[in-house]
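*Asks:* This one is input_35.cif, mmCIF, C-alpha atoms and all ligand atoms.
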data_target
#
loop_
_atom_site.label_atom_id
_atom_site.label_comp_id
_atom_site.auth_asym_id
_atom_site.auth_seq_id
_atom_site.Cartn_x
_atom_site.Cartn_y
_atom_site.Cartn_z
CA MET A 1 -85.41 -77.48 17.33
CA SER A 2 -82.06 -77.88 15.62
CA THR A 3 -78.80 -77.08 17.37
CA VAL A 4 -77.67 -73.47 17.40
CA THR A 5 -74.03 -73.46 16.32
CA ALA A 6 -71.26 -70.89 16.73
CA GLU A 7 -71.04 -70.40 12.98
CA LEU A 8 -74.79 -69.66 12.80
CA ILE A 9 -74.41 -66.99 15.48
CA ASP A 10 -71.36 -65.63 13.65
CA ALA A 11 -73.31 -65.51 10.37
CA LEU A 12 -76.16 -63.68 12.09
CA ALA A 13 -73.73 -61.10 13.52
CA PHE A 14 -72.01 -60.77 10.12
CA ALA A 15 -75.34 -60.22 8.29
CA ALA A 16 -76.61 -57.80 10.96
CA HIS A 17 -73.46 -55.72 10.49
CA LYS A 18 -73.66 -55.79 6.68
CA HIS A 19 -77.36 -54.82 6.63
CA ARG A 20 -76.97 -52.29 9.47
CA ASP A 21 -78.01 -49.25 7.38
CA GLN A 22 -80.90 -50.96 5.56
CA ARG A 23 -84.60 -51.24 6.25
CA ARG A 24 -87.38 -53.35 4.78
CA LYS A 25 -89.89 -51.54 2.56
CA ASP A 26 -92.81 -51.85 5.02
CA ALA A 27 -94.48 -48.93 6.77
CA GLN A 28 -92.57 -49.56 10.01
CA ALA A 29 -89.25 -49.56 8.11
CA SER A 30 -88.31 -52.78 9.92
CA PRO A 31 -84.61 -53.55 10.45
CA TYR A 32 -83.43 -55.48 7.39
CA ILE A 33 -81.87 -58.23 9.51
CA ASN A 34 -85.35 -59.28 10.64
CA HIS A 35 -85.82 -60.76 7.15
CA PRO A 36 -82.84 -63.19 7.24
CA ILE A 37 -83.91 -64.05 10.81
CA ALA A 38 -87.41 -64.83 9.48
CA LEU A 39 -85.90 -67.23 6.91
CA LEU A 40 -83.96 -68.98 9.67
CA ARG A 41 -87.15 -69.34 11.70
CA VAL A 42 -89.05 -70.84 8.77
CA LEU A 43 -86.27 -73.30 7.99
CA ALA A 44 -85.00 -74.34 11.42
CA VAL A 45 -88.12 -74.03 13.57
CA GLU A 46 -91.15 -74.39 11.28
CA ALA A 47 -89.75 -76.87 8.71
CA ARG A 48 -87.13 -78.47 11.01
CA VAL A 49 -84.43 -78.19 8.40
CA THR A 50 -80.99 -78.94 9.88
CA ASP A 51 -78.87 -78.61 6.71
CA ARG A 52 -75.95 -76.39 7.73
CA LEU A 53 -75.53 -74.89 4.25
CA ALA A 54 -79.19 -73.94 4.05
CA LEU A 55 -79.28 -72.32 7.51
CA LEU A 56 -76.08 -70.33 6.94
CA GLY A 57 -77.20 -69.50 3.41
CA ALA A 58 -80.51 -68.17 4.77
CA LEU A 59 -78.81 -65.74 7.16
CA LEU A 60 -76.39 -64.53 4.48
CA HIS A 61 -78.66 -64.74 1.41
CA ASP A 62 -79.07 -61.01 0.73
CA THR A 63 -75.57 -59.83 1.71
CA VAL A 64 -74.04 -59.93 -1.78
CA GLU A 65 -77.10 -58.64 -3.62
CA ASP A 66 -77.92 -55.83 -1.21
CA THR A 67 -74.61 -54.83 0.45
CA GLN A 68 -70.94 -54.47 -0.50
CA THR A 69 -70.20 -58.07 0.56
CA THR A 70 -68.23 -60.17 -1.94
CA GLU A 71 -68.16 -63.90 -2.60
CA ALA A 72 -64.47 -63.95 -1.58
CA GLU A 73 -65.29 -62.37 1.78
CA LEU A 74 -67.99 -64.97 2.47
CA ALA A 75 -65.65 -67.78 1.38
CA GLU A 76 -62.96 -66.56 3.76
CA GLN A 77 -65.34 -66.18 6.72
CA PHE A 78 -67.66 -69.15 6.20
CA GLY A 79 -66.12 -71.38 3.54
CA ALA A 80 -66.42 -71.73 -0.23
CA ASP A 81 -69.48 -74.00 0.04
CA VAL A 82 -71.49 -71.36 1.96
CA ALA A 83 -70.33 -68.60 -0.41
CA ALA A 84 -71.42 -70.69 -3.39
CA VAL A 85 -74.96 -71.10 -1.99
CA VAL A 86 -75.26 -67.33 -1.46
CA MET A 87 -74.08 -66.71 -5.04
CA GLU A 88 -76.69 -69.15 -6.33
CA VAL A 89 -79.47 -67.05 -4.78
CA THR A 90 -77.93 -63.71 -5.80
CA ASP A 91 -79.49 -61.96 -8.82
CA ASP A 92 -77.26 -60.70 -11.63
CA THR A 93 -77.67 -56.99 -10.96
CA THR A 94 -76.28 -56.10 -14.41
CA GLN A 95 -79.62 -57.34 -15.80
CA PRO A 96 -82.77 -55.16 -15.86
CA LYS A 97 -85.30 -55.87 -13.09
CA ALA A 98 -87.88 -57.61 -15.29
CA ARG A 99 -85.22 -59.91 -16.80
CA ARG A 100 -83.90 -60.75 -13.32
CA LYS A 101 -87.36 -61.90 -12.34
CA GLU A 102 -87.63 -64.16 -15.39
CA LEU A 103 -84.14 -65.53 -14.72
CA GLN A 104 -85.23 -66.56 -11.21
CA VAL A 105 -88.03 -68.63 -12.77
CA GLU A 106 -85.64 -70.20 -15.29
CA HIS A 107 -82.84 -70.93 -12.79
CA ALA A 108 -84.99 -72.38 -9.98
CA PRO A 109 -84.97 -76.03 -11.18
CA HIS A 110 -81.18 -75.99 -11.54
CA LEU A 111 -80.28 -74.77 -8.04
CA SER A 112 -78.51 -76.97 -5.48
CA ARG A 113 -80.65 -78.43 -2.69
CA ALA A 114 -79.40 -75.89 -0.12
CA ALA A 115 -80.12 -72.99 -2.48
CA ARG A 116 -83.61 -74.37 -3.17
CA LEU A 117 -84.31 -74.50 0.58
CA VAL A 118 -83.16 -70.88 0.95
CA LYS A 119 -85.30 -69.79 -2.03
CA LEU A 120 -88.38 -71.54 -0.66
CA ALA A 121 -87.93 -69.83 2.70
CA ASP A 122 -87.24 -66.46 1.06
CA LYS A 123 -90.38 -66.59 -1.08
CA THR A 124 -92.45 -67.77 1.91
CA CYS A 125 -91.22 -64.88 4.06
CA ASN A 126 -91.70 -62.30 1.33
CA LEU A 127 -95.29 -63.45 0.69
CA ARG A 128 -96.03 -63.32 4.44
CA ASP A 129 -94.60 -59.78 4.53
CA MET A 130 -96.41 -58.83 1.32
CA ALA A 131 -99.75 -59.90 2.87
CA VAL A 132 -99.32 -58.34 6.31
CA HIS A 133 -96.65 -55.60 6.00
CA PRO A 134 -96.47 -54.78 2.29
CA PRO A 135 -94.00 -52.34 0.77
CA VAL A 136 -95.19 -48.76 1.13
CA GLY A 137 -97.03 -47.46 -1.92
CA TRP A 138 -97.56 -50.80 -3.66
CA PRO A 139 -101.05 -50.94 -5.18
CA LEU A 140 -103.11 -54.14 -4.87
CA GLU A 141 -102.37 -55.20 -8.45
CA ARG A 142 -98.61 -55.00 -7.92
CA ARG A 143 -98.82 -57.09 -4.76
CA ARG A 144 -100.92 -59.66 -6.64
CA GLU A 145 -98.35 -59.76 -9.48
CA TYR A 146 -95.65 -60.40 -6.89
CA PHE A 147 -97.59 -63.38 -5.50
CA ASP A 148 -98.09 -64.78 -9.01
CA TRP A 149 -94.38 -64.45 -9.80
CA ALA A 150 -93.36 -66.12 -6.52
CA VAL A 151 -95.67 -69.05 -7.32
CA ARG A 152 -93.96 -69.40 -10.73
CA VAL A 153 -90.49 -69.42 -9.12
CA VAL A 154 -91.55 -72.00 -6.54
CA ALA A 155 -93.05 -74.25 -9.26
CA GLY A 156 -89.44 -74.89 -10.25
CA LEU A 157 -88.48 -75.78 -6.66
CA ARG A 158 -91.09 -78.50 -6.03
CA GLY A 159 -89.99 -81.87 -4.73
CA THR A 160 -87.36 -80.36 -2.44
CA HIS A 161 -89.01 -80.43 1.01
CA ALA A 162 -92.72 -81.20 1.48
CA GLY A 163 -93.08 -79.34 4.79
CA LEU A 164 -91.42 -76.21 3.48
CA GLU A 165 -93.49 -76.30 0.30
CA ALA A 166 -96.63 -76.57 2.45
CA LEU A 167 -95.55 -73.45 4.36
CA PHE A 168 -95.08 -71.65 1.05
CA ASP A 169 -98.53 -72.79 -0.11
CA GLN A 170 -100.07 -71.43 3.10
CA ALA A 171 -98.38 -68.08 2.47
CA ALA A 172 -99.47 -68.09 -1.19
CA ALA A 173 -103.08 -68.68 -0.07
CA GLY A 174 -102.88 -65.22 1.54
CA ARG A 175 -102.81 -63.56 -1.91
CA PRO A 176 -104.72 -60.29 -1.47
P1 LIG A 201 -88.70 -55.27 -5.85
O1 LIG A 201 -87.90 -56.45 -6.24
O2 LIG A 201 -88.04 -53.98 -5.83
O3 LIG A 201 -89.43 -55.51 -4.44
C1 LIG A 201 -89.78 -56.77 -3.95
C2 LIG A 201 -88.69 -57.26 -3.05
O4 LIG A 201 -88.53 -56.36 -1.96
C3 LIG A 201 -88.97 -58.58 -2.40
O5 LIG A 201 -88.64 -59.63 -3.27
C4 LIG A 201 -88.09 -58.52 -1.17
O6 LIG A 201 -86.81 -58.92 -1.62
C5 LIG A 201 -88.04 -57.04 -0.82
N1 LIG A 201 -88.89 -56.56 0.29
C6 LIG A 201 -88.54 -55.57 1.16
N2 LIG A 201 -89.52 -55.28 1.99
C7 LIG A 201 -90.54 -56.12 1.70
C8 LIG A 201 -91.84 -56.29 2.26
N3 LIG A 201 -92.29 -55.54 3.27
N4 LIG A 201 -92.65 -57.24 1.71
C9 LIG A 201 -92.20 -57.99 0.70
N5 LIG A 201 -90.98 -57.86 0.12
C10 LIG A 201 -90.15 -56.93 0.62
O7 LIG A 201 -89.94 -55.06 -6.74
P2 LIG A 201 -90.59 -56.05 -7.76
O8 LIG A 201 -90.48 -57.46 -7.30
O9 LIG A 201 -91.92 -55.53 -8.04
O10 LIG A 201 -89.62 -55.90 -9.01
C11 LIG A 201 -89.69 -54.86 -9.87
C12 LIG A 201 -90.57 -55.27 -11.03
O11 LIG A 201 -91.82 -54.69 -10.83
C13 LIG A 201 -90.06 -54.86 -12.36
O12 LIG A 201 -90.14 -55.98 -13.22
C14 LIG A 201 -91.02 -53.76 -12.80
O13 LIG A 201 -91.26 -53.83 -14.20
C15 LIG A 201 -92.26 -54.04 -12.02
N6 LIG A 201 -93.02 -52.89 -11.60
C16 LIG A 201 -94.35 -53.05 -11.45
C17 LIG A 201 -95.15 -52.01 -11.03
C18 LIG A 201 -96.61 -52.24 -10.85
O14 LIG A 201 -97.31 -51.39 -10.34
N7 LIG A 201 -97.14 -53.39 -11.25
C19 LIG A 201 -94.59 -50.69 -10.72
C20 LIG A 201 -93.17 -50.64 -10.85
C21 LIG A 201 -92.42 -51.72 -11.28
P3 LIG A 201 -85.60 -59.47 -0.68
O15 LIG A 201 -85.97 -60.80 -0.15
O16 LIG A 201 -84.45 -59.53 -1.64
O17 LIG A 201 -85.42 -58.42 0.35
ZN ZN A 202 -84.58 -62.20 0.84
#
As structure tokens, please, write out the structure in this file.
Ligand code: NDP
Ligand code: ZN
*Replies:*
Amino acid sequence: MSTVTAELIDALAFAAHKHRDQRRKDAQASPYINHPIALLRVLAVEARVTDRLALLGALLHDTVEDTQTTEAELAEQFGADVAAVVMEVTDDTTQPKARRKELQVEHAPHLSRAARLVKLADKTCNLRDMAVHPPVGWPLERRREYFDWAVRVVAGLRGTHAGLEALFDQAAAGRP
């Protein structure tokens, strides 16, 4: 397993604080922070990724999109390079939901390597959740559409990390 660093622990504490009032959409209303932790597990433990930017980016990836966190705040706490990775995986919330999903497909091939690693882990974790602990009230067809969209996003991320892509493919094989 890769080395656990002080800045990783600090990023985990930072994200836990930022997401403190949020829950996942599953029936158990899981603590939101379990999702960034799941990305870290996939990257560091399952895929043996050691890239500092990817591991920090994974823990912080939803802070700007889903909380009041700003890029400047991340840059001050963790450095401009880490903040830039988080911004790369942050949707433009001024766009309508359907457009945001298409933009993810279009942007995927242009992301930095660290951002591609974070995206691969994020889609893997969301498909695992979608198969086992899906969002409350999502009919089968909506869950299937989510799988199909994630596969389209990941098509633009291929050639980044074979082991991670294999983990995604295993998750995608769980399409309901
Ligand atoms: P959301 O983006 O709102 O929900 C999916 C996201 O929720 C995931 O990407 C993940 O994001 C997060 N999430 C939280 N809990 C879970 C969990 N337990 N399992 C998996 N993911 C979880 O919804 P959609 O992706 O569906 O986006 C909305 C789109 O859906 C629109 O384009 C709209 O047109 C369409 N739509 C379709 C309907 C249908 O029945 N087919 C009905 C309504 C809308 P993160 O990693 O960021 O936390
Ligand atoms: Zn996420």
*Asks:* With distances taken over all atoms listed in the file, which residue among A:Leu127, A:Arg100, A:Thr67, A:Ala58 lies nearest Ala83 of chain A?
*Replies:* A:Ala58
*Asks:* If I put a ball of radius 10 Å at (-90.7, -64.0, -5.3) in the file's coordinates, which residues poke into it when counting all atoms listed in the file, written as a ChimeraX atom specification?
*Replies:* /A:101,104-105,119-120,122-127,145-154
*Asks:* Considering only C-alpha atoms and all ligand atoms, tabulate each residue of chain A that lies at most 7 Å from ligand ZN 202 (chain A) along with its nearest interatomic pair and the corresponding distance in Å to one decimal; arrange the rows by chain and ascending residue number and present them as CSV.
*Replies:*
residue,atom,partner,partner_atom,distance
A:His35,CA,A:ZN202,ZN,6.6
A:Pro36,CA,A:ZN202,ZN,6.7
A:His61,CA,A:ZN202,ZN,6.5
A:Asp62,CA,A:ZN202,ZN,5.6
A:Asp122,CA,A:ZN202,ZN,5.0
*Asks:* Within 12 Å of (-89.5, -81.3, 13.0) (coordinates as in the file), grab all the protein and nucleic acid residues, counting all atoms listed in the file, and write them out as a ChimeraX atom specification.
*Replies:* /A:1-2,42-50,162-164
*Asks:* List as a count of residues only the protein and nucleic acid residues lying within 10 Å of ligand LIG 201 (chain A), with all atoms listed in the file counted.
*Replies:* 60
*Asks:* What is the atom CA of Ala11 of chain A-atom CA of Ala80 of chain A distance in Å, reported with one decimal?
*Replies:* 14.1 Å
*Asks:* So the first atom is atom CA of Val4 of chain A and the second is atom CA of Ala38 of chain A; what is the distance between them in Å, to one decimal place?
*Replies:*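 We find that atom CA of Val4 of chain A and atom CA of Ala38 of chain A lie 15.2 Å from each other.
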*Asks:* From the options A:Asp21, A:Glu76, A:Glu165, A:Glu71, which residue's atoms come nearest to Glu88 of chain A, counting all atoms listed in the file?
*Replies:*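 Once distances to Glu88 of chain A are computed over all atoms listed in the file, the minimum belongs to A:Glu71.
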*Asks:* Rounded to one decimal place, report the atom CA of Ala171 of chain A-atom CA of Ala155 of chain A distance in Å.
*Replies:*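 The value is 14.3 Å.
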*Asks:* Mind checking which residues fall within 7 Å of Val85 of chain A, counting all atoms listed in the file, ignoring those fewer than 3 positions away in the same chain, and posting them as a list in words?
*Replies:* Gly57, Asp81, Val82, Glu88, Val89, Ala114 and Ala115 of chain A
